[in-house]
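**Student:** I'm passing along query_25.cif; it holds mmCIF, C-alpha atoms.
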data_upload
loop_
_atom_site.label_atom_id
_atom_site.label_comp_id
_atom_site.auth_asym_id
_atom_site.auth_seq_id
_atom_site.Cartn_x
_atom_site.Cartn_y
_atom_site.Cartn_z
CA MET J 1 -13.47 -47.61 -42.83
CA ARG J 2 -15.14 -44.29 -42.17
CA PHE J 3 -14.05 -41.19 -44.08
CA ASP J 4 -14.39 -37.52 -43.22
CA ALA J 5 -15.62 -34.78 -45.54
CA THR J 6 -12.13 -34.32 -47.03
CA GLY J 7 -11.82 -37.99 -47.97
CA LYS J 8 -9.34 -38.89 -45.24
CA VAL J 9 -9.97 -41.99 -43.18
CA SER J 10 -11.31 -41.16 -39.72
CA LEU J 11 -8.77 -42.00 -37.01
CA ASP J 12 -10.53 -40.12 -34.21
CA HIS J 13 -10.60 -43.18 -31.97
CA ILE J 14 -6.80 -43.33 -31.59
CA TYR J 15 -6.64 -39.87 -29.99
CA THR J 16 -9.09 -40.52 -27.17
CA GLN J 17 -7.62 -43.60 -25.46
CA PRO J 18 -6.16 -43.45 -21.93
CA ASP J 19 -2.65 -44.08 -23.29
CA PRO J 20 -0.83 -43.80 -26.66
CA ARG J 21 -0.73 -47.48 -27.64
CA ALA J 22 -3.66 -47.35 -30.09
CA TYR J 23 -2.17 -44.15 -31.56
CA PHE J 24 1.22 -45.69 -32.25
CA THR J 25 -0.10 -49.11 -33.27
CA GLN J 26 -2.37 -47.64 -35.94
CA LEU J 27 0.01 -45.00 -37.20
CA ARG J 28 2.97 -47.37 -37.36
CA ARG J 29 1.02 -49.41 -39.92
CA LEU J 30 0.72 -46.26 -42.01
CA ASP J 31 4.40 -45.24 -41.63
CA TYR J 32 3.35 -41.99 -39.99
CA ARG J 33 6.48 -39.86 -39.79
CA VAL J 34 5.76 -36.13 -40.01
CA PRO J 35 6.83 -35.32 -36.40
CA GLN J 36 10.25 -36.78 -37.19
CA GLU J 37 10.37 -34.90 -40.51
CA ALA J 38 9.46 -31.66 -38.73
CA LYS J 39 11.88 -32.07 -35.82
CA PRO J 40 15.05 -30.59 -37.40
CA TYR J 41 13.11 -27.54 -38.62
CA PHE J 42 11.64 -26.94 -35.18
CA VAL J 43 15.08 -27.34 -33.59
CA LYS J 44 16.56 -24.69 -35.90
CA LEU J 45 13.62 -22.36 -35.34
CA ILE J 46 13.94 -22.67 -31.56
CA ASP J 47 17.64 -21.82 -31.82
CA GLU J 48 16.92 -18.83 -34.09
CA TYR J 49 14.27 -17.55 -31.71
CA ARG J 50 16.63 -17.83 -28.73
CA GLN J 51 19.26 -15.80 -30.55
CA ALA J 52 16.84 -13.23 -31.96
CA ARG J 53 14.86 -12.62 -28.77
CA GLY J 54 17.36 -13.55 -26.06
CA VAL J 55 14.94 -16.08 -24.55
CA GLU J 56 16.78 -18.88 -22.77
CA VAL J 57 13.78 -21.19 -22.25
CA PRO J 58 11.26 -20.65 -25.07
CA LYS J 59 7.63 -21.38 -24.33
CA ILE J 60 6.19 -23.53 -27.13
CA LEU J 61 2.52 -24.16 -27.83
CA ASP J 62 1.82 -27.36 -29.78
CA VAL J 63 -1.60 -27.12 -31.43
CA GLY J 64 -3.26 -30.53 -31.78
CA CYS J 65 -0.57 -32.07 -29.60
CA SER J 66 -2.36 -35.39 -28.86
CA TYR J 67 -0.08 -37.37 -26.49
CA GLY J 68 2.76 -34.82 -26.55
CA ILE J 69 4.78 -36.48 -29.29
CA ASN J 70 6.43 -33.30 -30.61
CA ALA J 71 7.35 -32.33 -27.06
CA ALA J 72 8.95 -35.71 -26.38
CA LEU J 73 10.94 -35.61 -29.63
CA LEU J 74 12.18 -32.08 -29.04
CA LYS J 75 12.76 -32.08 -25.27
CA TYR J 76 14.31 -35.52 -24.87
CA ASP J 77 15.70 -36.04 -28.38
CA VAL J 78 13.93 -39.37 -28.84
CA THR J 79 12.86 -40.54 -32.31
CA MET J 80 9.58 -41.72 -33.77
CA ASP J 81 11.11 -45.18 -34.24
CA ALA J 82 11.95 -45.27 -30.53
CA MET J 83 8.42 -44.20 -29.66
CA TYR J 84 6.95 -46.89 -31.93
CA ALA J 85 9.12 -49.50 -30.25
CA ARG J 86 8.11 -48.18 -26.84
CA TYR J 87 4.34 -48.36 -27.31
CA HIS J 88 3.69 -50.92 -30.02
CA ASP J 89 3.45 -54.63 -29.24
CA GLU J 90 1.44 -56.79 -31.63
CA ARG J 91 1.54 -59.71 -29.16
CA ALA J 92 0.37 -57.92 -26.03
CA GLY J 93 -2.89 -59.32 -24.75
CA THR J 94 -3.22 -62.02 -27.42
CA ASP J 95 -3.63 -65.75 -26.72
CA GLY J 96 -0.45 -67.29 -25.39
CA ALA J 97 1.29 -63.96 -24.92
CA ALA J 98 1.98 -61.81 -21.90
CA PRO J 99 -0.94 -59.63 -20.84
CA ALA J 100 -0.93 -56.07 -22.04
CA GLU J 101 0.84 -53.57 -19.81
CA THR J 102 -1.52 -51.44 -17.75
CA THR J 103 -1.80 -47.71 -18.41
CA ALA J 104 -0.44 -47.06 -14.92
CA ALA J 105 2.66 -49.18 -15.60
CA LEU J 106 3.17 -47.47 -18.95
CA LEU J 107 2.91 -44.06 -17.29
CA ALA J 108 5.48 -45.10 -14.71
CA ARG J 109 7.90 -46.03 -17.50
CA ASP J 110 7.32 -42.72 -19.25
CA ARG J 111 7.80 -40.69 -16.08
CA LYS J 112 11.08 -42.54 -15.63
CA LEU J 113 12.05 -41.61 -19.21
CA ALA J 114 11.29 -37.94 -18.53
CA ARG J 115 13.28 -38.01 -15.27
CA SER J 116 16.26 -39.92 -16.63
CA HIS J 117 16.66 -37.87 -19.83
CA LEU J 118 17.83 -34.38 -19.04
CA PRO J 119 16.18 -32.13 -21.61
CA VAL J 120 18.59 -31.63 -24.48
CA ARG J 121 16.77 -28.38 -25.25
CA ARG J 122 15.47 -26.19 -22.47
CA THR J 123 11.92 -25.49 -23.45
CA ARG J 124 8.52 -25.23 -21.83
CA PHE J 125 5.78 -27.06 -23.72
CA ILE J 126 2.07 -26.31 -23.61
CA GLY J 127 -0.26 -28.71 -25.39
CA LEU J 128 -3.58 -27.68 -26.91
CA ASP J 129 -6.00 -30.43 -27.87
CA THR J 130 -9.66 -31.43 -27.78
CA SER J 131 -8.79 -34.84 -26.28
CA ALA J 132 -8.79 -34.66 -22.49
CA SER J 133 -7.38 -38.18 -22.15
CA ALA J 134 -4.42 -37.53 -24.47
CA LEU J 135 -3.58 -34.30 -22.66
CA ALA J 136 -3.85 -35.96 -19.25
CA TYR J 137 -1.44 -38.71 -20.31
CA ALA J 138 1.10 -36.28 -21.80
CA LEU J 139 1.04 -34.17 -18.63
CA GLU J 140 1.41 -37.13 -16.26
CA ALA J 141 4.18 -38.63 -18.38
CA GLY J 142 6.14 -35.38 -18.19
CA PHE J 143 6.14 -34.64 -21.92
CA LEU J 144 4.01 -31.50 -21.51
CA ASP J 145 4.51 -28.82 -18.86
CA GLU J 146 1.00 -27.42 -19.21
CA ALA J 147 -2.15 -28.35 -21.11
CA VAL J 148 -5.17 -26.54 -22.50
CA HIS J 149 -8.23 -28.67 -23.18
CA ALA J 150 -10.32 -26.61 -25.59
CA ASP J 151 -11.92 -26.44 -29.02
CA LEU J 152 -11.06 -22.93 -30.13
CA GLU J 153 -12.83 -23.48 -33.43
CA GLN J 154 -16.05 -23.32 -31.44
CA GLU J 155 -15.36 -20.95 -28.57
CA GLU J 156 -13.10 -18.19 -27.29
CA PRO J 157 -10.42 -19.14 -24.75
CA THR J 158 -11.37 -18.70 -21.12
CA ALA J 159 -9.48 -16.39 -18.76
CA GLN J 160 -7.56 -19.38 -17.40
CA GLN J 161 -6.65 -20.55 -20.90
CA ARG J 162 -5.53 -17.06 -21.92
CA ALA J 163 -3.27 -17.01 -18.89
CA ARG J 164 -1.66 -20.27 -20.03
CA PHE J 165 -1.13 -18.91 -23.56
CA ALA J 166 0.41 -15.70 -22.25
CA GLY J 167 4.04 -15.21 -23.23
CA THR J 168 4.12 -18.05 -25.76
CA ASP J 169 7.20 -17.74 -27.96
CA LEU J 170 6.51 -20.33 -30.66
CA VAL J 171 3.32 -21.94 -31.96
CA ILE J 172 3.81 -25.21 -33.85
CA SER J 173 1.70 -27.98 -35.38
CA THR J 174 2.20 -31.14 -37.42
CA GLY J 175 -0.92 -32.11 -39.30
CA CYS J 176 -3.84 -30.45 -37.53
CA ILE J 177 -4.28 -27.50 -39.91
CA GLY J 178 -7.26 -28.29 -42.09
CA TYR J 179 -9.27 -29.37 -39.09
CA VAL J 180 -7.96 -26.41 -37.12
CA THR J 181 -8.32 -23.14 -39.06
CA GLY J 182 -7.25 -19.55 -38.78
CA ARG J 183 -10.02 -19.10 -36.22
CA THR J 184 -8.07 -21.09 -33.62
CA LEU J 185 -4.74 -19.44 -34.40
CA THR J 186 -6.11 -15.90 -34.32
CA ARG J 187 -7.87 -16.59 -31.02
CA ILE J 188 -4.58 -17.81 -29.58
CA VAL J 189 -2.70 -14.71 -30.78
CA ARG J 190 -5.39 -12.22 -29.72
CA SER J 191 -5.40 -13.74 -26.24
CA MET J 192 -1.80 -12.48 -25.84
CA GLY J 193 -2.52 -8.80 -26.46
CA GLU J 194 0.30 -7.12 -28.42
CA HIS J 195 2.68 -10.09 -28.11
CA ARG J 196 3.26 -11.99 -31.35
CA PRO J 197 4.75 -15.52 -31.22
CA TRP J 198 6.50 -17.04 -34.22
CA MET J 199 4.66 -19.91 -35.90
CA ALA J 200 5.64 -23.03 -37.85
CA HIS J 201 2.99 -25.34 -39.25
CA PHE J 202 3.43 -28.51 -41.29
CA VAL J 203 0.28 -28.60 -43.45
CA LEU J 204 -0.96 -31.33 -45.75
CA ARG J 205 -0.91 -30.20 -49.36
CA MET J 206 -4.58 -31.13 -49.68
CA PHE J 207 -5.51 -28.27 -47.31
CA PRO J 208 -5.21 -24.69 -48.62
CA PHE J 209 -3.32 -22.45 -46.19
CA ASP J 210 -4.36 -19.19 -47.90
CA PRO J 211 -7.30 -18.49 -45.53
CA VAL J 212 -5.03 -19.01 -42.52
CA GLU J 213 -2.34 -16.80 -44.04
CA LYS J 214 -4.87 -14.01 -44.64
CA ALA J 215 -6.18 -14.25 -41.08
CA LEU J 216 -2.64 -14.04 -39.68
CA ALA J 217 -1.77 -11.15 -42.00
CA GLN J 218 -4.50 -9.11 -40.33
CA LEU J 219 -2.56 -9.58 -37.10
CA GLY J 220 0.69 -8.37 -38.66
CA TYR J 221 2.21 -11.66 -39.80
CA GLU J 222 4.12 -12.50 -42.96
CA THR J 223 3.98 -16.15 -44.06
CA VAL J 224 6.36 -18.11 -46.25
CA ARG J 225 5.56 -21.55 -47.65
CA PHE J 226 8.54 -23.72 -48.52
CA ASP J 227 8.53 -25.86 -51.63
CA GLU J 228 10.14 -28.89 -50.01
CA VAL J 229 7.62 -31.65 -49.32
CA HIS J 230 7.58 -34.06 -46.38
CA ARG J 231 5.93 -37.45 -46.15
CA GLN J 232 3.21 -37.55 -43.52
CA ARG J 233 1.91 -41.13 -43.86
CA ARG J 234 0.81 -43.73 -46.36
CA PHE J 235 -2.80 -43.85 -47.45
CA ALA J 236 -4.86 -46.24 -45.36
CA SER J 237 -6.52 -47.74 -48.44
CA GLU J 238 -6.98 -47.27 -52.16
CA GLU J 239 -10.39 -45.78 -51.39
CA GLU J 240 -8.86 -43.12 -49.14
CA GLN J 241 -6.30 -42.29 -51.82
CA ALA J 242 -8.99 -41.93 -54.48
CA LEU J 243 -11.10 -39.67 -52.26
CA VAL J 244 -8.15 -37.47 -51.30
CA LEU J 245 -6.97 -37.17 -54.89
CA ARG J 246 -10.45 -36.04 -55.88
CA THR J 247 -10.43 -33.42 -53.10
CA MET J 248 -7.02 -32.17 -54.23
CA LYS J 249 -7.99 -31.92 -57.87
CA GLU J 250 -11.16 -30.03 -56.96
CA ALA J 251 -8.96 -27.61 -55.00
CA GLY J 252 -6.59 -27.20 -57.97
CA VAL J 253 -3.66 -29.02 -56.34
CA ASP J 254 -1.71 -31.35 -58.64
CA PRO J 255 -1.01 -34.70 -56.92
CA GLY J 256 1.16 -35.97 -59.78
CA GLY J 257 4.36 -37.66 -58.62
CA LEU J 258 3.43 -37.23 -54.98
CA GLU J 259 0.05 -38.24 -53.54
CA GLU J 260 -0.60 -40.31 -56.66
CA GLU J 261 2.31 -42.51 -55.54
CA GLY J 262 0.65 -43.50 -52.26
CA TRP J 263 1.70 -40.97 -49.60
CA LEU J 264 0.16 -37.89 -48.02
CA TYR J 265 2.59 -34.97 -48.15
CA ALA J 266 2.96 -31.84 -46.01
CA GLN J 267 4.76 -28.53 -46.44
CA LEU J 268 6.16 -26.09 -43.90
CA HIS J 269 4.50 -22.69 -43.50
CA LEU J 270 6.49 -20.24 -41.38
CA SER J 271 4.72 -17.14 -40.04
CA ARG J 272 6.53 -14.34 -38.22
CA PRO J 273 5.60 -10.77 -37.32
CA ALA J 274 6.41 -8.55 -40.29
CA GLY J 275 9.99 -7.32 -40.26
CA THR J 276 11.17 -9.47 -37.36
CA GLY J 277 12.78 -12.42 -39.13
CA PRO J 278 14.30 -13.70 -42.35
CA SER J 279 11.97 -14.70 -45.17
CA GLY J 280 13.72 -18.04 -45.68
CA PRO J 281 13.48 -21.33 -43.78
CA PRO J 282 15.23 -21.82 -40.46
CA SER J 283 18.94 -21.76 -41.38
#
Is it possible to express this structure as structure tokens?
**Tutor:**
Amino acid sequence: MRFDATGKVSLDHIYTQPDPRAYFTQLRRLDYRVPQEAKPYFVKLIDEYRQARGVEVPKILDVGCSYGINAALLKYDVTMDAMYARYHDERAGTDGAAPAETTAALLARDRKLARSHLPVRRTRFIGLDTSASALAYALEAGFLDEAVHADLEQEEPTAQQRARFAGTDLVISTGCIGYVTGRTLTRIVRSMGEHRPWMAHFVLRMFPFDPVEKALAQLGYETVRFDEVHRQRRFASEEEQALVLRTMKEAGVDPGGLEEEGWLYAQLHLSRPAGTGPSGPPS
């Protein structure tokens, strides 16, 4: 196994395949579940935004969207378990078993899913990611309505990308903060002029959110972190757990009773323009 500078196992290869099968096969083994954990909070936040701003079809930007999983869960009300069952087949392509389904056939099934499931929530989803192949799949499948292929940690958004961000109502993420910093989020917000979207980020406890909070505060945001913790996934190995625990202890985060027990945990950080929303979680 390869590990990144934070001690987490590197899973970069699962985000760059032409379809989501490697993504779901690997993450199912680790009981990856944070999109499902985040879903009810996002649903409530979407409803609150509709009521507060009178926006019938909110425009949602998913940062680090990969194959459009959050969009699929929220638009079509599917579950992570259903997605795992849809894409994961241990037998496919092995000796004596049926050959693996082609990417084209898988896309056809997903387009059928998108056509046959009327959106339970009227939303417009934009995906932002550094993986062109994941974005292309999510767009063709019908999970995303628009896509932005960019690394905003390294460069400012182009005129075309700023046009796609324009009018965004909500910015969400499930697990990319720590690799994505306040630099990306502030570039997104500044690209919209005076408009300020609401934000909801599920952030691993091992990554301090303070620098992001300070960057957003300079743009007029107030941020609340909620104490409730949410399981993201199991550790991939004892070595990964040991490395992450060391990183957490160096950062002054106590892993006792949580990460010490074998899971990575995330917390919700909600950022809204000062004075425009309640200070508590989505109710």
**Student:** Rank J:Thr223, J:Thr123, J:Thr6, J:Thr25 by their smallest atom-to-atom distance to J:Ala274, using all atoms listed in the file, and report the top residue only.
**Tutor:**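 Closest to J:Ala274, using all atoms listed in the file: J:Thr223.
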**Student:** Quick check, in Å to one decimal: how far apart do atom CA of J:Arg183 and atom CA of J:Leu152 lie?
**Tutor:** 7.3 Å
**Student:** Using atom CA of J:Lys8 and atom CA of J:Leu216 as the two end points, give the distance in Å to one decimal.
**Tutor:**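 Result for atom CA of J:Lys8 versus atom CA of J:Leu216: 26.3 Å, one decimal.
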**Student:** So what do you get for atom CA of J:Phe3 versus atom CA of J:Ala85, distance-wise?
**Tutor:**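 These atoms are spaced 28.2 Å apart.
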**Student:** From the list J:Trp198, J:Tyr221, J:Phe143, J:Tyr87, which residue is nearest J:Thr168 when using all atoms listed in the file?
**Tutor:**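 Checking each candidate against J:Thr168, we get J:Trp198 as the closest.
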**Student:** The PyMOL selection byres ((chain J and resi 82) around 12) - which residues does that actually catch in the file I just gave you? List them as a list in words.
**Tutor:**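 Selected by the PyMOL selection byres ((chain J and resi 82) around 12) here: Phe24, Arg28, Gln36, Ile69, Ala72, Leu73, Tyr76, Asp77, Val78, Thr79, Met80, Asp81, Met83, Tyr84, Ala85, Arg86, Tyr87, His88 and Leu113 of chain J.
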**Student:** For J:Ile188, which of J:Val244, J:Met206, J:Ala166, J:Ala105 is the closest residue, counting all atoms listed in the file?
**Tutor:**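 Going through J:Val244, J:Met206, J:Ala166, J:Ala105 one by one, the smallest distance to J:Ile188 is for J:Ala166.
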**Student:** Excluding J:Met192 and any residue of its chain fewer than 4 positions from it, enumerate the residues within 10 Å of it, using all atoms listed in the file, and give them as a PyMOL selection string.
**Tutor:** chain J and resi 162-168+187-188+196-197
**Student:** Point out the residue among J:Arg2, J:His117, J:His149, J:Arg272 with the least atom-to-atom distance to J:Ala132, counting all atoms listed in the file.
**Tutor:**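 Closest to J:Ala132 of all the choices is J:His149.
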**Student:** Which is closer to J:Arg205 than all the others in J:Gln267, J:Leu245, J:Ser173, J:Arg190, using all atoms listed in the file?
**Tutor:**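 Ranking J:Gln267, J:Leu245, J:Ser173, J:Arg190 by distance to J:Arg205, first place goes to J:Gln267.
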**Student:** Counting all atoms listed in the file, which residues of stretch 1-62 of chain J sit at most 10 Å from some atom of stretch 262-266 of chain J, and what is each one's closest atom pair with its distance in Å to one decimal, listed by chain and rising residue number, as a tab-separated table?
**Tutor:**
residue	atom	partner	partner_atom	distance
J:Lys8	CA	J:Leu264	CA	9.9
J:Leu30	CA	J:Trp263	CA	9.3
J:Asp31	CA	J:Trp263	CA	9.4
J:Tyr32	CA	J:Leu264	CA	9.6
J:Val34	CA	J:Ala266	CA	7.9
J:Glu37	CA	J:Ala266	CA	9.7
J:Ala38	CA	J:Ala266	CA	9.8
**Student:** Report as AutoDock Vina command-line options the centre and the edge lengths, in Å to one decimal, of the axis-aligned box holding every listed atom of stretch 206-209 of chain J, padded by 6 Å on each side.
**Tutor:**
--center_x -4.4 --center_y -26.8 --center_z -47.9 --size_x 14.2 --size_y 20.7 --size_z 15.5
**Student:** Written as a PDB file with C-alpha atoms, keeping the file's coordinate frame, which residues does the PyMOL selection byres ((chain J and resi 270) around 10) give for the file shown?
**Tutor:**
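Here's the written file out-v1.pdb:
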ATOM      1  CA  LEU J  45      13.620 -22.360 -35.340  1.00  0.00           C
ATOM      2  CA  ILE J 172       3.810 -25.210 -33.850  1.00  0.00           C
ATOM      3  CA  TRP J 198       6.500 -17.040 -34.220  1.00  0.00           C
ATOM      4  CA  MET J 199       4.660 -19.910 -35.900  1.00  0.00           C
ATOM      5  CA  ALA J 200       5.640 -23.030 -37.850  1.00  0.00           C
ATOM      6  CA  HIS J 201       2.990 -25.340 -39.250  1.00  0.00           C
ATOM      7  CA  PHE J 202       3.430 -28.510 -41.290  1.00  0.00           C
ATOM      8  CA  GLU J 213      -2.340 -16.800 -44.040  1.00  0.00           C
ATOM      9  CA  TYR J 221       2.210 -11.660 -39.800  1.00  0.00           C
ATOM     10  CA  GLU J 222       4.120 -12.500 -42.960  1.00  0.00           C
ATOM     11  CA  THR J 223       3.980 -16.150 -44.060  1.00  0.00           C
ATOM     12  CA  VAL J 224       6.360 -18.110 -46.250  1.00  0.00           C
ATOM     13  CA  ARG J 225       5.560 -21.550 -47.650  1.00  0.00           C
ATOM     14  CA  PHE J 226       8.540 -23.720 -48.520  1.00  0.00           C
ATOM     15  CA  GLN J 267       4.760 -28.530 -46.440  1.00  0.00           C
ATOM     16  CA  LEU J 268       6.160 -26.090 -43.900  1.00  0.00           C
ATOM     17  CA  HIS J 269       4.500 -22.690 -43.500  1.00  0.00           C
ATOM     18  CA  SER J 271       4.720 -17.140 -40.040  1.00  0.00           C
ATOM     19  CA  ARG J 272       6.530 -14.340 -38.220  1.00  0.00           C
ATOM     20  CA  SER J 279      11.970 -14.700 -45.170  1.00  0.00           C
ATOM     21  CA  GLY J 280      13.720 -18.040 -45.680  1.00  0.00           C
ATOM     22  CA  PRO J 281      13.480 -21.330 -43.780  1.00  0.00           C
ATOM     23  CA  PRO J 282      15.230 -21.820 -40.460  1.00  0.00           C
TER      24      PRO J 282
END
**Student:** Point out the residue among J:Gly127, J:Gly182, J:Gly175, J:Pro208 with the least atom-to-atom distance to J:Leu61, counting all atoms listed in the file.
**Tutor:**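 Closest residue, counting all atoms listed in the file: J:Gly127.
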**Student:** Starting from the structure just given, write a file holding stretch 1-23 of chain J with N, CA, C and O atoms, as a short mmCIF file (atom, residue, chain, number, x, y, z; two decimals), in the first residue's frame.
**Tutor:**
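Generated output (out.cif):
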data_model
loop_
_atom_site.label_atom_id
_atom_site.label_comp_id
_atom_site.auth_asym_id
_atom_site.auth_seq_id
_atom_site.Cartn_x
_atom_site.Cartn_y
_atom_site.Cartn_z
N MET J 1 0.83 -1.20 0.00
CA MET J 1 0.00 0.00 0.00
C MET J 1 0.87 1.25 0.00
O MET J 1 1.92 1.28 0.65
N ARG J 2 0.40 2.27 -0.72
CA ARG J 2 1.07 3.56 -0.70
C ARG J 2 0.26 4.51 0.19
O ARG J 2 -0.97 4.46 0.21
N PHE J 3 0.97 5.37 0.90
CA PHE J 3 0.33 6.30 1.81
C PHE J 3 0.70 7.73 1.44
O PHE J 3 1.82 7.99 0.98
N ASP J 4 -0.26 8.66 1.65
CA ASP J 4 0.05 10.05 1.36
C ASP J 4 0.69 10.71 2.58
O ASP J 4 0.94 10.05 3.60
N ALA J 5 0.94 12.00 2.50
CA ALA J 5 1.66 12.70 3.55
C ALA J 5 0.89 12.73 4.87
O ALA J 5 1.49 12.91 5.93
N THR J 6 -0.43 12.56 4.81
CA THR J 6 -1.24 12.58 6.04
C THR J 6 -1.29 11.21 6.72
O THR J 6 -1.79 11.11 7.83
N GLY J 7 -0.83 10.18 6.03
CA GLY J 7 -0.91 8.83 6.56
C GLY J 7 -2.02 8.00 5.97
O GLY J 7 -2.09 6.79 6.19
N LYS J 8 -2.91 8.62 5.19
CA LYS J 8 -4.00 7.87 4.58
C LYS J 8 -3.48 7.07 3.40
O LYS J 8 -2.59 7.51 2.67
N VAL J 9 -4.09 5.90 3.19
CA VAL J 9 -3.74 5.08 2.05
C VAL J 9 -4.13 5.80 0.76
O VAL J 9 -5.16 6.48 0.70
N SER J 10 -3.30 5.72 -0.25
CA SER J 10 -3.59 6.38 -1.52
C SER J 10 -4.58 5.55 -2.33
O SER J 10 -4.31 4.39 -2.66
N LEU J 11 -5.71 6.14 -2.65
CA LEU J 11 -6.74 5.48 -3.46
C LEU J 11 -6.95 6.24 -4.77
O LEU J 11 -8.02 6.14 -5.39
N ASP J 12 -5.95 6.97 -5.20
CA ASP J 12 -6.10 7.82 -6.39
C ASP J 12 -6.56 7.04 -7.61
O ASP J 12 -7.34 7.55 -8.44
N HIS J 13 -6.13 5.78 -7.71
CA HIS J 13 -6.42 5.01 -8.92
C HIS J 13 -7.91 4.75 -9.11
O HIS J 13 -8.37 4.54 -10.24
N ILE J 14 -8.71 4.76 -8.05
CA ILE J 14 -10.13 4.42 -8.19
C ILE J 14 -10.94 5.59 -8.73
O ILE J 14 -12.10 5.41 -9.10
N TYR J 15 -10.35 6.79 -8.77
CA TYR J 15 -11.08 7.96 -9.23
C TYR J 15 -10.82 8.30 -10.70
O TYR J 15 -11.39 9.26 -11.21
N THR J 16 -9.97 7.53 -11.34
CA THR J 16 -9.56 7.89 -12.70
C THR J 16 -9.93 6.83 -13.74
O THR J 16 -9.47 6.88 -14.87
N GLN J 17 -10.77 5.87 -13.36
CA GLN J 17 -11.19 4.82 -14.28
C GLN J 17 -12.33 5.31 -15.16
O GLN J 17 -13.02 6.27 -14.82
N PRO J 18 -12.57 4.65 -16.30
CA PRO J 18 -13.65 5.10 -17.19
C PRO J 18 -15.05 4.90 -16.64
O PRO J 18 -16.01 5.48 -17.16
N ASP J 19 -15.20 4.08 -15.59
CA ASP J 19 -16.51 3.92 -14.95
C ASP J 19 -16.30 3.67 -13.46
O ASP J 19 -15.17 3.49 -13.00
N PRO J 20 -17.38 3.66 -12.65
CA PRO J 20 -17.24 3.65 -11.20
C PRO J 20 -16.99 2.29 -10.55
O PRO J 20 -16.99 2.20 -9.32
N ARG J 21 -16.77 1.23 -11.31
CA ARG J 21 -16.69 -0.09 -10.69
C ARG J 21 -15.51 -0.23 -9.74
O ARG J 21 -15.65 -0.78 -8.64
N ALA J 22 -14.34 0.27 -10.12
CA ALA J 22 -13.19 0.19 -9.20
C ALA J 22 -13.46 1.00 -7.94
O ALA J 22 -13.09 0.59 -6.83
N TYR J 23 -14.10 2.15 -8.10
CA TYR J 23 -14.46 3.02 -6.98
C TYR J 23 -15.32 2.27 -5.97
O TYR J 23 -15.01 2.21 -4.77
#
